[in-house]
>>> print(open('final-v7.cif').read())   # mmCIF, C-alpha atoms
data_my_file
#
loop_
_atom_site.group_PDB
_atom_site.id
_atom_site.type_symbol
_atom_site.label_atom_id
_atom_site.label_comp_id
_atom_site.auth_asym_id
_atom_site.auth_seq_id
_atom_site.Cartn_x
_atom_site.Cartn_y
_atom_site.Cartn_z
ATOM 1 C CA GLN A 226 83.174 122.888 112.462
ATOM 2 C CA VAL A 227 83.183 119.119 112.148
ATOM 3 C CA GLN A 228 86.543 117.548 111.393
ATOM 4 C CA LEU A 229 87.691 113.968 111.051
ATOM 5 C CA VAL A 230 91.387 113.638 110.313
ATOM 6 C CA GLU A 231 92.825 110.221 109.549
ATOM 7 C CA SER A 232 96.491 109.356 109.807
ATOM 8 C CA GLY A 233 98.738 106.322 110.028
ATOM 9 C CA GLY A 234 98.470 104.961 106.523
ATOM 10 C CA GLY A 235 101.480 104.040 104.465
ATOM 11 C CA LEU A 236 103.374 101.292 102.696
ATOM 12 C CA VAL A 237 103.766 97.989 104.515
ATOM 13 C CA GLN A 238 104.886 94.501 103.550
ATOM 14 C CA PRO A 239 102.498 91.551 103.662
ATOM 15 C CA GLY A 240 102.210 90.294 107.208
ATOM 16 C CA GLY A 241 103.001 93.702 108.616
ATOM 17 C CA SER A 242 100.987 95.988 110.851
ATOM 18 C CA LEU A 243 99.671 99.527 110.851
ATOM 19 C CA ARG A 244 97.647 101.632 113.236
ATOM 20 C CA LEU A 245 95.210 104.115 111.762
ATOM 21 C CA SER A 246 93.970 107.028 113.845
ATOM 22 C CA CYS A 247 91.035 109.356 113.297
ATOM 23 C CA VAL A 248 91.041 112.491 115.409
ATOM 24 C CA THR A 249 87.705 114.255 115.498
ATOM 25 C CA SER A 250 86.229 117.555 116.604
ATOM 26 C CA GLY A 251 83.051 119.571 116.288
ATOM 27 C CA PHE A 252 80.472 116.989 117.371
ATOM 28 C CA SER A 253 79.536 114.907 120.414
ATOM 29 C CA PHE A 254 81.965 112.086 119.728
ATOM 30 C CA ASN A 255 80.809 109.732 122.487
ATOM 31 C CA LEU A 256 77.265 109.618 121.070
ATOM 32 C CA TYR A 257 78.336 108.544 117.606
ATOM 33 C CA SER A 258 79.082 105.109 116.277
ATOM 34 C CA MET A 259 82.480 105.243 114.622
ATOM 35 C CA ARG A 260 83.327 103.194 111.575
ATOM 36 C CA TRP A 261 86.199 102.494 109.245
ATOM 37 C CA TYR A 262 85.494 101.983 105.568
ATOM 38 C CA ARG A 263 87.851 101.245 102.712
ATOM 39 C CA GLN A 264 87.716 101.830 99.007
ATOM 40 C CA THR A 265 89.751 100.727 96.011
ATOM 41 C CA PRO A 266 89.619 102.431 92.600
ATOM 42 C CA GLY A 267 86.403 101.745 90.741
ATOM 43 C CA MET A 268 84.812 99.986 93.680
ATOM 44 C CA GLU A 269 82.267 100.981 96.283
ATOM 45 C CA ARG A 270 83.288 102.078 99.726
ATOM 46 C CA ASP A 271 82.977 99.061 102.018
ATOM 47 C CA LEU A 272 82.488 98.908 105.769
ATOM 48 C CA VAL A 273 85.438 97.292 107.531
ATOM 49 C CA ALA A 274 84.795 97.762 111.242
ATOM 50 C CA GLY A 275 82.540 99.666 113.597
ATOM 51 C CA ILE A 276 82.249 100.541 117.264
ATOM 52 C CA THR A 277 79.188 101.939 118.973
ATOM 53 C CA GLY A 278 79.268 105.078 121.067
ATOM 54 C CA ILE A 279 78.335 104.429 124.663
ATOM 55 C CA THR A 280 78.516 100.634 124.848
ATOM 56 C CA GLU A 281 81.555 100.287 122.543
ATOM 57 C CA VAL A 282 80.263 97.152 120.879
ATOM 58 C CA THR A 283 82.509 96.234 117.958
ATOM 59 C CA SER A 284 81.797 94.564 114.648
ATOM 60 C CA TYR A 285 83.945 93.527 111.695
ATOM 61 C CA VAL A 286 83.599 92.359 108.141
ATOM 62 C CA ASP A 287 84.525 88.670 107.902
ATOM 63 C CA SER A 288 87.654 89.309 105.840
ATOM 64 C CA VAL A 289 89.347 91.223 108.683
ATOM 65 C CA LYS A 290 88.106 89.332 111.746
ATOM 66 C CA GLY A 291 90.991 88.244 113.921
ATOM 67 C CA ARG A 292 93.396 90.632 112.167
ATOM 68 C CA PHE A 293 91.925 94.115 112.708
ATOM 69 C CA THR A 294 90.837 95.729 115.959
ATOM 70 C CA ILE A 295 88.805 98.902 116.270
ATOM 71 C CA SER A 296 88.879 100.941 119.453
ATOM 72 C CA ARG A 297 87.973 104.409 120.609
ATOM 73 C CA ASP A 298 89.147 106.928 123.169
ATOM 74 C CA ASN A 299 86.207 109.143 124.024
ATOM 75 C CA ALA A 300 88.355 111.516 126.065
ATOM 76 C CA ARG A 301 90.596 112.137 123.036
ATOM 77 C CA LYS A 302 87.665 111.940 120.552
ATOM 78 C CA THR A 303 89.733 109.512 118.547
ATOM 79 C CA VAL A 304 89.042 106.162 116.926
ATOM 80 C CA TYR A 305 91.741 103.677 115.995
ATOM 81 C CA LEU A 306 92.068 100.758 113.640
ATOM 82 C CA TYR A 307 94.842 98.319 114.471
ATOM 83 C CA MET A 308 95.643 96.238 111.418
ATOM 84 C CA ASN A 309 97.772 93.128 111.748
ATOM 85 C CA SER A 310 98.757 90.350 109.338
ATOM 86 C CA LEU A 311 98.107 92.682 106.443
ATOM 87 C CA LYS A 312 97.432 91.172 103.039
ATOM 88 C CA PHE A 313 97.732 92.518 99.499
ATOM 89 C CA GLU A 314 93.940 92.744 99.352
ATOM 90 C CA ASP A 315 93.874 95.150 102.286
ATOM 91 C CA THR A 316 95.330 97.816 100.010
ATOM 92 C CA ALA A 317 92.819 100.673 99.850
ATOM 93 C CA VAL A 318 92.035 104.178 100.966
ATOM 94 C CA TYR A 319 90.677 103.921 104.501
ATOM 95 C CA TYR A 320 88.015 106.369 105.638
ATOM 96 C CA CYS A 321 86.805 107.259 109.091
ATOM 97 C CA HIS A 322 83.048 107.731 109.472
ATOM 98 C CA ALA A 323 80.990 109.114 112.326
ATOM 99 C CA TYR A 324 77.385 107.944 112.347
ATOM 100 C CA LEU A 325 74.464 109.180 114.399
ATOM 101 C CA SER A 326 71.695 108.783 111.831
ATOM 102 C CA ASN A 327 71.280 108.681 108.067
ATOM 103 C CA TYR A 328 70.921 112.457 108.224
ATOM 104 C CA THR A 329 73.740 113.110 110.654
ATOM 105 C CA ASN A 330 77.012 111.522 109.716
ATOM 106 C CA TYR A 331 80.464 112.708 108.737
ATOM 107 C CA TRP A 332 83.436 111.463 106.717
ATOM 108 C CA GLY A 333 87.146 111.976 106.933
ATOM 109 C CA GLN A 334 89.364 112.605 103.935
ATOM 110 C CA GLY A 335 90.920 109.143 103.869
ATOM 111 C CA THR A 336 94.371 107.670 104.304
ATOM 112 C CA GLN A 337 96.105 105.358 101.848
ATOM 113 C CA VAL A 338 97.195 101.896 102.954
ATOM 114 C CA THR A 339 99.364 99.980 100.514
ATOM 115 C CA VAL A 340 100.415 96.402 101.177
ATOM 116 C CA SER A 341 103.229 95.461 98.853
ATOM 117 C CA SER A 342 106.464 93.501 98.850
#
>>> encode(input="final-v7.cif", output="structure tokens")
Amino acid sequence: QVQLVESGGGLVQPGGSLRLSCVTSGFSFNLYSMRWYRQTPGMERDLVAGITGITEVTSYVDSVKGRFTISRDNARKTVYLYMNSLKFEDTAVYYCHAYLSNYTNYWGQGTQVTVSS
């Protein structure tokens, strides 16, 4: 059974930091590109950051470059999103996504991140 379980969300002040984790099971984690998406009410789910499987090449949306870092631990089958210098506009539900192909991909249930003073 495939599982992706996110954790680490919460309430943080502007300028603060959070670390999101996504623990996975049930698929060959090291073969999958892992991604973090975020979604606000009424909006589409947007890609935030990604990391490839074997080569661990990372990519980021422009709005988070220099503030967010994605990493993975293949031994623990876990992907992380380190978020620094958080802004109000980073408030969203953050989703973990495992991608092998358009026909083989999985989503987590999401974790809420709220940036508020």
>>> closest_residue(input="final-v7.cif", among="A:Val318, A:Ile276, A:Ala300, A:Met308", to="Tyr262 (chain A)", atoms="all atoms listed in the file")
A:Val318
>>> atom_distance(input="final-v7.cif", atom1="CA of Met259 (chain A)", atom2="CA of Gln334 (chain A)")
14.7 Å
>>> resolve_selection(input="final-v7.cif", expression="the PyMOL selection byres ((chain A and resi 235) around 9)", output="list in words")
Gly233, Gly234, Leu236, Val237, Leu243, Thr336, Gln337, Val338, Thr339 and Val340 of chain A
>>> residues_around(input="final-v7.cif", residues="Asp271 (chain A)", least_positions_apart="3", cutoff="9 Å", atoms="only C-alpha atoms", output="PyMOL selection string")
chain A and resi 261-264+268
>>> closest_residue(input="final-v7.cif", among="A:Thr316, A:Ser242, A:Thr303, A:Thr294", to="Leu229 (chain A)", atoms="only C-alpha atoms")
A:Thr303
>>> closest_residue(input="final-v7.cif", among="A:Gln238, A:Gln226, A:Thr280, A:Ser258", to="Cys321 (chain A)", atoms="only C-alpha atoms")
A:Ser258
>>> resolve_selection(input="final-v7.cif", expression="the PyMOL selection byres ((chain A and resi 297) around 9)", output="list in words")
Met259, Ile276, Gly278, Glu281, Ile295, Ser296, Asp298, Asn299, Ala300, Arg301, Lys302, Thr303, Val304, Tyr305 and Leu306 of chain A
>>> resolve_selection(input="final-v7.cif", expression="the PyMOL selection byres ((chain A and resi 331) around 9)", output="PDB file with C-alpha atoms, in the frame of the given file")
ATOM      1  CA  VAL A 227      83.183 119.119 112.148  1.00  0.00           C
ATOM      2  CA  GLN A 228      86.543 117.548 111.393  1.00  0.00           C
ATOM      3  CA  LEU A 229      87.691 113.968 111.051  1.00  0.00           C
ATOM      4  CA  CYS A 321      86.805 107.259 109.091  1.00  0.00           C
ATOM      5  CA  HIS A 322      83.048 107.731 109.472  1.00  0.00           C
ATOM      6  CA  ALA A 323      80.990 109.114 112.326  1.00  0.00           C
ATOM      7  CA  TYR A 324      77.385 107.944 112.347  1.00  0.00           C
ATOM      8  CA  LEU A 325      74.464 109.180 114.399  1.00  0.00           C
ATOM      9  CA  THR A 329      73.740 113.110 110.654  1.00  0.00           C
ATOM     10  CA  ASN A 330      77.012 111.522 109.716  1.00  0.00           C
ATOM     11  CA  TRP A 332      83.436 111.463 106.717  1.00  0.00           C
ATOM     12  CA  GLY A 333      87.146 111.976 106.933  1.00  0.00           C
TER      13      GLY A 333
END
>>> atom_distance(input="final-v7.cif", atom1="CA of Gly291 (chain A)", atom2="CA of Lys312 (chain A)")
13.0 Å
>>> axis_aligned_box(input="final-v7.cif", around="region 231-241 of chain A", padding_each_side="3 Å", output="AutoDock Vina command-line options")
--center_x 98.9 --center_y 100.3 --center_z 106.4 --size_x 18.1 --size_y 25.9 --size_z 13.3
>>> atom_distance(input="final-v7.cif", atom1="CA of Glu231 (chain A)", atom2="CA of Tyr328 (chain A)")
22.1 Å
>>> residues_around(input="final-v7.cif", residues="Pro239 (chain A)", least_positions_apart="5", cutoff="7 Å", atoms="only C-alpha atoms", output="ChimeraX atom specification")
/A:310-313,340-342
>>> closest_residue(input="final-v7.cif", among="A:Gly275, A:Gly251, A:Gly240, A:Gly335", to="Glu314 (chain A)", atoms="all atoms listed in the file")
A:Gly240
>>> closest_residue(input="final-v7.cif", among="A:Ser326, A:Arg244, A:Glu269, A:Asn255", to="Phe293 (chain A)", atoms="only C-alpha atoms")
A:Arg244
>>> closest_residue(input="final-v7.cif", among="A:Ile279, A:Ala317, A:Val289, A:Leu272", to="Ser253 (chain A)", atoms="all atoms listed in the file")
A:Ile279
